[in-house]
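Content type compact mmCIF, C-alpha atoms, from the file start-v6.txt:
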# COMPACT_ATOMS: atom_id res chain seq x y z
CA MET A 1 8.51 20.10 -7.78
CA THR A 2 6.34 22.94 -8.90
CA LYS A 3 3.97 24.64 -6.54
CA ASN A 4 1.00 23.53 -8.67
CA ASN A 5 1.56 19.78 -8.31
CA ILE A 6 2.08 19.42 -4.56
CA ASN A 7 -0.61 16.79 -3.89
CA SER A 8 0.08 14.64 -6.94
CA HIS A 9 3.82 14.59 -6.22
CA LYS A 10 3.16 13.64 -2.58
CA GLY A 11 0.90 10.85 -3.85
CA PHE A 12 3.74 9.65 -6.07
CA LYS A 13 6.14 9.63 -3.11
CA PHE A 14 3.68 7.61 -1.03
CA GLY A 15 3.36 5.17 -3.95
CA ILE A 16 7.12 4.68 -4.08
CA ILE A 17 7.19 4.17 -0.29
CA GLY A 18 4.41 1.59 -0.66
CA ILE A 19 6.35 -0.31 -3.32
CA GLY A 20 9.43 -0.28 -1.09
CA LEU A 21 7.44 -1.64 1.85
CA ILE A 22 5.98 -4.38 -0.35
CA LEU A 23 9.49 -5.39 -1.43
CA ILE A 24 10.60 -5.50 2.22
CA LEU A 25 7.50 -7.56 3.02
CA ILE A 26 8.31 -10.05 0.26
CA ILE A 27 11.93 -10.38 1.40
CA LEU A 28 10.90 -10.88 5.05
CA THR A 29 8.29 -13.44 4.05
CA GLN A 30 10.93 -15.45 2.21
CA LEU A 31 13.59 -15.17 4.92
CA LEU A 32 11.54 -15.62 8.09
CA HIS A 33 9.78 -18.85 8.99
CA THR A 34 6.35 -17.70 10.12
CA GLN A 35 5.32 -21.21 11.16
CA ILE A 36 7.97 -21.23 13.89
CA SER A 37 7.97 -17.65 15.16
CA ASP A 38 4.96 -15.63 16.27
CA ILE A 39 7.07 -12.47 16.25
CA ALA A 40 7.74 -12.95 12.53
CA SER A 41 4.02 -13.31 11.87
CA ILE A 42 3.26 -10.17 13.85
CA LEU A 43 6.02 -8.25 12.03
CA ILE A 44 4.69 -9.29 8.63
CA GLY A 45 1.13 -8.42 9.66
CA LEU A 46 2.13 -4.97 10.89
CA LEU A 47 4.12 -4.37 7.73
CA THR A 48 1.10 -5.36 5.63
CA PHE A 49 -1.06 -2.95 7.63
CA ALA A 50 1.55 -0.19 7.12
CA VAL A 51 1.53 -0.80 3.36
CA GLY A 52 -2.26 -0.43 3.36
CA ILE A 53 -2.23 2.80 5.36
CA VAL A 54 0.55 4.34 3.24
CA SER A 55 -1.25 3.43 0.03
CA ILE A 56 -4.58 4.83 1.26
CA ILE A 57 -2.90 8.12 2.23
CA GLY A 58 -1.11 8.20 -1.14
CA PHE A 59 -4.34 7.49 -3.01
CA ILE A 60 -6.11 10.31 -1.15
CA LYS A 61 -3.25 12.71 -1.96
CA SER A 62 -3.36 11.61 -5.60
CA LEU A 63 -7.10 12.21 -5.75
CA LYS A 64 -6.68 15.66 -4.18
CA GLY A 65 -4.25 16.44 -6.99
CA ILE A 66 -6.57 15.25 -9.76
CA LYS A 67 -7.24 18.83 -10.92
CA GLU A 68 -3.54 19.68 -11.03
CA PRO A 69 -1.76 19.75 -14.40
CA ASN A 70 -1.01 16.32 -15.85
CA THR A 71 2.51 15.01 -15.31
CA ALA A 72 4.03 11.56 -15.48
CA LYS A 73 4.41 11.50 -11.69
CA LYS A 74 0.72 12.27 -11.28
CA ILE A 75 -0.43 9.45 -13.56
CA ILE A 76 2.06 6.91 -12.15
CA GLY A 77 1.19 7.92 -8.58
CA ILE A 78 -2.52 7.38 -9.15
CA ILE A 79 -1.96 3.99 -10.81
CA ILE A 80 0.48 2.72 -8.17
CA ASN A 81 -1.61 3.85 -5.21
CA PHE A 82 -4.83 2.52 -6.72
CA ALA A 83 -3.22 -0.86 -7.39
CA ILE A 84 -1.83 -1.14 -3.86
CA VAL A 85 -5.17 -0.11 -2.32
CA ILE A 86 -6.95 -2.79 -4.37
CA LEU A 87 -4.31 -5.32 -3.29
CA PHE A 88 -4.78 -4.32 0.37
CA ILE A 89 -8.57 -4.59 0.14
CA SER A 90 -8.29 -8.02 -1.50
CA VAL A 91 -6.01 -9.21 1.33
CA ILE A 92 -8.56 -8.03 3.89
CA ILE A 93 -11.41 -9.76 2.04
CA ALA A 94 -9.37 -12.98 1.75
CA ASN A 95 -8.64 -12.91 5.49
CA ILE A 96 -12.30 -12.35 6.33
CA TYR A 97 -13.24 -15.24 4.04
CA ASP A 98 -10.64 -17.53 5.70
CA ILE A 99 -11.86 -16.59 9.20
CA ASN A 100 -15.47 -17.19 8.18
CA LYS A 101 -14.54 -20.55 6.64
CA ALA A 102 -12.58 -21.59 9.75
CA LEU A 103 -15.39 -20.67 12.13
CA SER A 104 -18.15 -22.45 10.22
As a first step, turn the structure in this file into structure tokens.
Amino acid sequence: MTKNNINSHKGFKFGIIGIGLILILIILTQLLHTQISDIASILIGLLTFAVGIVSIIGFIKSLKGIKEPNTAKKIIGIIINFAIVILFISVIIANIYDINKALS
């Protein structure tokens, strides 16, 4: 890692961590029966929240590195983090919509 691309490379690392957490989330969702166990639902919810926080931090780091020289890690990091942030925001909006629908 060169000294010039510190933020964009950190953004890339956060993107890879976010993808790993999403894969763990998918595996846990398939293995655990959330209808039976409240602990499983809480674990999946906390993991979803962690994915969102990691992706937001990664997206901020990627944006801080926007003026750094272009590398493949920089471009991939921005794309991955942006996609995960959009996914996280859509999950929040869907949950708000479901709560609103259930309460009305």
* Asked: If you count all atoms listed in the file, which residues fall within 8 Å of range 84-97 of chain A, apart from same-chain ones fewer than 6 positions away, as a ChimeraX atom specification?
  -> /A:18,48,51-52,55-56,59
* To do: Return the single residue from A:Ile78, A:Ser41, A:Asn4, A:Thr29 that is closest to Ile57 in chain A, with distances computed using only C-alpha atoms.
  =>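 Smallest separation from Ile57 in chain A among the options: A:Ile78.
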* **Closest of A:Lys64, A:His33, A:His9, A:Lys101 to Gly77 in chain A - atom-to-atom distances counting all atoms listed in the file** => A:His9
* Asked: What separation in Å, quoted to one decimal, exists between CA of Ile99 in chain A and CA of Phe82 in chain A?
  ->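 Result for CA of Ile99 in chain A versus CA of Phe82 in chain A: 25.8 Å, one decimal.
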* **Shell around Ile44 in chain A at 12 Å using all atoms listed in the file, local window under 5 positions removed, as a list of chain:residue names** =>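 Final neighbour list, sorted by chain and number: A:Leu21, A:Ile22, A:Leu23, A:Ile24, A:Leu25, A:Ile26, A:Ile27, A:Leu28, A:Thr29, A:Gln30, A:Leu31, A:Leu32, A:His33, A:Thr34, A:Ser37, A:Asp38, A:Ile39, A:Phe49, A:Ala50, A:Val51.
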